[in-house]
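Everything below concerns the one structure shown next.
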Amino acid sequence: MVKSPATAQLIAIFGGNGFVGKHLQAKLNASKKNFAVFEGDILDVERLETFFSQNKPQIIINLATKFFGSEDELFASNILTTKAICECAIKHKAQKMIYTSTGAALGEPLAEVSYETDPRIPNTYYGLTKAIGEEIVEYTARSAKLSHSILRFPNVYGPGSEKGVIYAMLKDALQKEEVTIQGDGSAARNFLHVSDAADSIMLAIDSDKSGIFHITNQQKVTVKEIAEQLHEKYDAKITSTAQVNNLKSLLLDDKKAEKELGFTAKKKVIDWDELRKSI
């Protein structure tokens with residue numbers, strides 16, 4: 001936690017010791033912003049209440065999320081924790097909430113590119129829990145008249161990550177000298193560097209805009225293209241397996257974030273040498 005003048009707003013971070021949270025903390029320290037990271041079980045009512053009572057945060061950043069697990073685990077980690085944080089935020093008169101979400105909250109894309117105005121029709125339980133989390137934040141913001149930012153990320157990658165398509169394929173290229181793609185690998189994705197993800201949160205902290213924002217790198221990358229890059233750089237053999245799902249291209253439009261938050265991704269190209277240090 002950084003100590004700033006008493007008049008500075010205090011930022012409370014939940015999930016601050018995760019992948020994105022660690023990078024965010026570095027940027028908050030560099031900018032000398034006043035923040036506190038919640039430690040422990042968010043569903044521990046007494047611990048959560050003590051944290052809010054002692055710190056009196058004006059800005060709440062909820063990074064806490066669980067990607068994998070049983071439905072009960074996802075429900076508790078992605079819905080009940082958000083509800084608990086929002087209830088304390090209202091009780092202790094917080095001024096702003098920032099909630100990190102995902103394009104998975106939208107479900108199957110209506111077109112190649114998805115927009116903030118598209119309906120939430122999640123097609124995975126993880127996406128469902130994040131969609132409900134978004135609605136809890138929106139309800140809280142309406143009822144308590146809070147400023148709020150819901151930041152939807154695509155696949156986030158970068159140094160320190162130990163999950164995701166990019167990490168898994170790089171690890172296979174280095175350790176097995178082989179990368180595998182499903183089907184023809186033609187489905188496109190956006191991949192967001194963790195530094196850009198943290199930058200978007202920094203912009204949301206200082207912004208007076210509320211709403212949902214798609215935070216992404218507009219570069220379209222297919223799994224096949226990732227495999228080809230790894231083949232060229234590390235001479236990894238490319239193999240393929242049958243397609244196990246019918247995933248289409250999942251791309252987010254970022255024009256609203258650029259216009260209202262001033263966000264534009266800086267890391268346009270995957271730096272394999274940077275990522276290799278994490279393997």
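Convention: chains lettered A, B, ... in structure tokens order; per-chain residue numbering from 1; ligands numbered from 1 as shown.
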
So that each row is one residue of region 230-267 of chain A with an atom at most 9 Å from region 184-197 of chain A, can you give its shortest atom pair and the distance in Å to one decimal, using only C-alpha atoms, rows by chain and rising number, as a tab-separated table?
residue	atom	partner	partner_atom	distance
A:Ser240	CA	A:Asp184	CA	7.6
A:Thr241	CA	A:Asp184	CA	8.8
A:Ala242	CA	A:Asp184	CA	8.7
A:Gln243	CA	A:Asp184	CA	8.1
A:Leu247	CA	A:Ala187	CA	7.1
A:Lys248	CA	A:Ala187	CA	5.6
A:Ser249	CA	A:Ala188	CA	4.5
A:Leu250	CA	A:Arg189	CA	5.3
A:Leu251	CA	A:Arg189	CA	5.7
A:Leu252	CA	A:Asn190	CA	7.3
A:Phe263	CA	A:Asp196	CA	8.7
A:Thr264	CA	A:Asp196	CA	8.1
A:Ala265	CA	A:Asp196	CA	5.6
A:Lys266	CA	A:Asp196	CA	6.6
A:Lys267	CA	A:His193	CA	6.2

Considering only C-alpha atoms, tabulate each residue of region 135-237 of chain A that lies at most 7 Å from region 91-104 of chain A along with its nearest interatomic pair and the corresponding distance in Å to one decimal; arrange the rows by chain and ascending residue number and present them as a tab-separated table.
residue	atom	partner	partner_atom	distance
A:Leu146	CA	A:Gln95	CA	5.4
A:Ser147	CA	A:Lys96	CA	4.6
A:His148	CA	A:Met97	CA	4.6
A:Ser149	CA	A:Ile98	CA	4.7
A:Ile150	CA	A:Tyr99	CA	4.8
A:Leu151	CA	A:Thr100	CA	4.8
A:Arg152	CA	A:Thr102	CA	4.3
A:Phe153	CA	A:Thr102	CA	4.8
A:Pro154	CA	A:Gly103	CA	5.9

Write a file of the selected residues as a PDB file, in the first residue's frame, keeping C-alpha atoms.
ATOM      1  CA  LEU A 146     -22.253   5.464  -7.894  1.00  0.00           C
ATOM      2  CA  SER A 147     -19.940   6.063 -10.799  1.00  0.00           C
ATOM      3  CA  HIS A 148     -18.996   2.730 -12.353  1.00  0.00           C
ATOM      4  CA  SER A 149     -16.844   1.193 -15.062  1.00  0.00           C
ATOM      5  CA  ILE A 150     -17.262  -2.363 -16.308  1.00  0.00           C
ATOM      6  CA  LEU A 151     -14.160  -3.273 -18.293  1.00  0.00           C
ATOM      7  CA  ARG A 152     -14.561  -6.285 -20.575  1.00  0.00           C
ATOM      8  CA  PHE A 153     -11.247  -7.926 -21.466  1.00  0.00           C
ATOM      9  CA  PRO A 154     -10.506 -10.530 -24.154  1.00  0.00           C
TER      10      PRO A 154
END

For this session: Could you tell me which of A:Ala257, A:Ala64, A:Ala168, A:Ala227 comes closest to Ile215 (chain A) if we count only C-alpha atoms?
Result: A:Ala257

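Between CA of Ile13 (chain A) and CA of Leu63 (chain A) the separation is 7.2 Å.
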
Counting only C-alpha atoms, what are the residues of region 72-127 of chain A within 8 Å of region 131-135 of chain A, and for each of them which pair of atoms is the nearest and at what distance in Å, to one decimal? Sort the table by chain and rising number, as CSV.
residue,atom,partner,partner_atom,distance
A:Asn78,CA,A:Gly133,CA,6.6
A:Ile79,CA,A:Gly133,CA,5.5
A:Thr82,CA,A:Gly133,CA,6.2
A:Lys83,CA,A:Gly133,CA,7.8
A:Tyr99,CA,A:Glu134,CA,7.5
A:Ser101,CA,A:Glu134,CA,7.3
A:Ala105,CA,A:Ala131,CA,4.6
A:Leu106,CA,A:Ala131,CA,7.4
A:Arg120,CA,A:Ala131,CA,6.7
A:Pro122,CA,A:Ala131,CA,7.3
A:Gly127,CA,A:Ala131,CA,6.1

Writer output for current selection, N, CA and C atoms, as a JSON list (two decimals), in the first residue's frame:
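selection_21.json, freshly written:
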[["chain", "number", "residue", "atom", "x", "y", "z"],
["A", 78, "ASN", "N", -17.57, -15.61, -8.31],
["A", 78, "ASN", "CA", -17.85, -14.55, -9.27],
["A", 78, "ASN", "C", -19.14, -13.79, -9.02],
["A", 79, "ILE", "N", -20.05, -14.36, -8.24],
["A", 79, "ILE", "CA", -21.33, -13.69, -7.97],
["A", 79, "ILE", "C", -21.44, -13.26, -6.51],
["A", 82, "THR", "N", -18.96, -10.54, -5.55],
["A", 82, "THR", "CA", -19.34, -9.24, -6.12],
["A", 82, "THR", "C", -20.48, -8.62, -5.32],
["A", 83, "LYS", "N", -21.45, -9.43, -4.97],
["A", 83, "LYS", "CA", -22.58, -8.95, -4.16],
["A", 83, "LYS", "C", -22.08, -8.42, -2.82],
["A", 99, "TYR", "N", -15.17, -2.76, -12.28],
["A", 99, "TYR", "CA", -15.35, -4.22, -12.30],
["A", 99, "TYR", "C", -14.76, -4.77, -13.59],
["A", 101, "SER", "N", -14.48, -7.54, -16.33],
["A", 101, "SER", "CA", -15.32, -8.60, -16.85],
["A", 101, "SER", "C", -14.69, -9.19, -18.11],
["A", 105, "ALA", "N", -19.20, -12.74, -21.22],
["A", 105, "ALA", "CA", -20.50, -12.35, -20.68],
["A", 105, "ALA", "C", -21.54, -12.18, -21.78],
["A", 106, "LEU", "N", -21.08, -11.97, -23.01],
["A", 106, "LEU", "CA", -22.00, -11.78, -24.13],
["A", 106, "LEU", "C", -22.44, -13.11, -24.74],
["A", 120, "ARG", "N", -26.55, -9.58, -23.40],
["A", 120, "ARG", "CA", -25.84, -10.62, -22.67],
["A", 120, "ARG", "C", -26.61, -11.94, -22.85],
["A", 122, "PRO", "N", -24.96, -15.33, -22.35],
["A", 122, "PRO", "CA", -23.80, -16.20, -22.14],
["A", 122, "PRO", "C", -24.08, -17.66, -22.45],
["A", 127, "GLY", "N", -19.23, -17.46, -18.20],
["A", 127, "GLY", "CA", -19.79, -16.25, -18.80],
["A", 127, "GLY", "C", -21.06, -15.80, -18.10]]

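If only C-alpha atoms are the atoms counted, then among A:Asn155, A:Asp172, A:His23, A:Leu128 the closest residue to Ala198 (chain A) is A:His23.
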
Problem set entry | Distance criterion (only C-alpha atoms): nearest to Lys224 (chain A) out of A:Ser143, A:Thr239, A:Gln9, A:Ser31 | A:Thr239

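The coordinates place CA of Ile212 (chain A) at 18.4 Å from CA of Tyr126 (chain A).
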
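Considering only C-alpha atoms, the residue among A:Leu28, A:Glu87, A:Leu261, A:Ser161 positioned nearest to Glu49 (chain A) is A:Glu87.
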
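CA of Glu274 (chain A) is positioned 17.6 Å from CA of Ala26 (chain A).
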
For this session: Using only C-alpha atoms, determine which residues lie at most 9 Å from Phe38 (chain A), disregarding the query and same-chain residues fewer than 4 positions distant; provide the list as a VMD selection string.
Result: chain A and resid 12 to 16 42 48 51

Emit the selected residues as a PDB file, in the first residue's frame, including C-alpha atoms.
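The new file out34.pdb reads:
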ATOM      1  CA  ALA A  12      -9.505  -0.686  -2.530  1.00  0.00           C
ATOM      2  CA  ILE A  13      -8.450  -3.633  -4.682  1.00  0.00           C
ATOM      3  CA  PHE A  14     -10.045  -7.066  -4.509  1.00  0.00           C
ATOM      4  CA  GLY A  15      -8.132  -9.818  -6.294  1.00  0.00           C
ATOM      5  CA  GLY A  16      -5.095  -7.564  -6.213  1.00  0.00           C
ATOM      6  CA  ILE A  42     -14.115 -11.933   0.492  1.00  0.00           C
ATOM      7  CA  LEU A  48     -14.656  -7.628   4.774  1.00  0.00           C
ATOM      8  CA  PHE A  51     -11.398  -3.795   5.838  1.00  0.00           C
TER       9      PHE A  51
END

Exercise. Could you pull out the helix (DSSP H, G or I) residues of region 30-245 of chain A from DSSP and send them as an MDAnalysis selection string?
Worked result: chainID A and resid 30 45:55 71:91 103:105 125:144 165:175 194:206 223:234

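Of the listed residues (A:Cys88, A:Met202, A:Ile121, A:Ala236), A:Ala236 comes nearest to Met169 (chain A); the distances count only C-alpha atoms.
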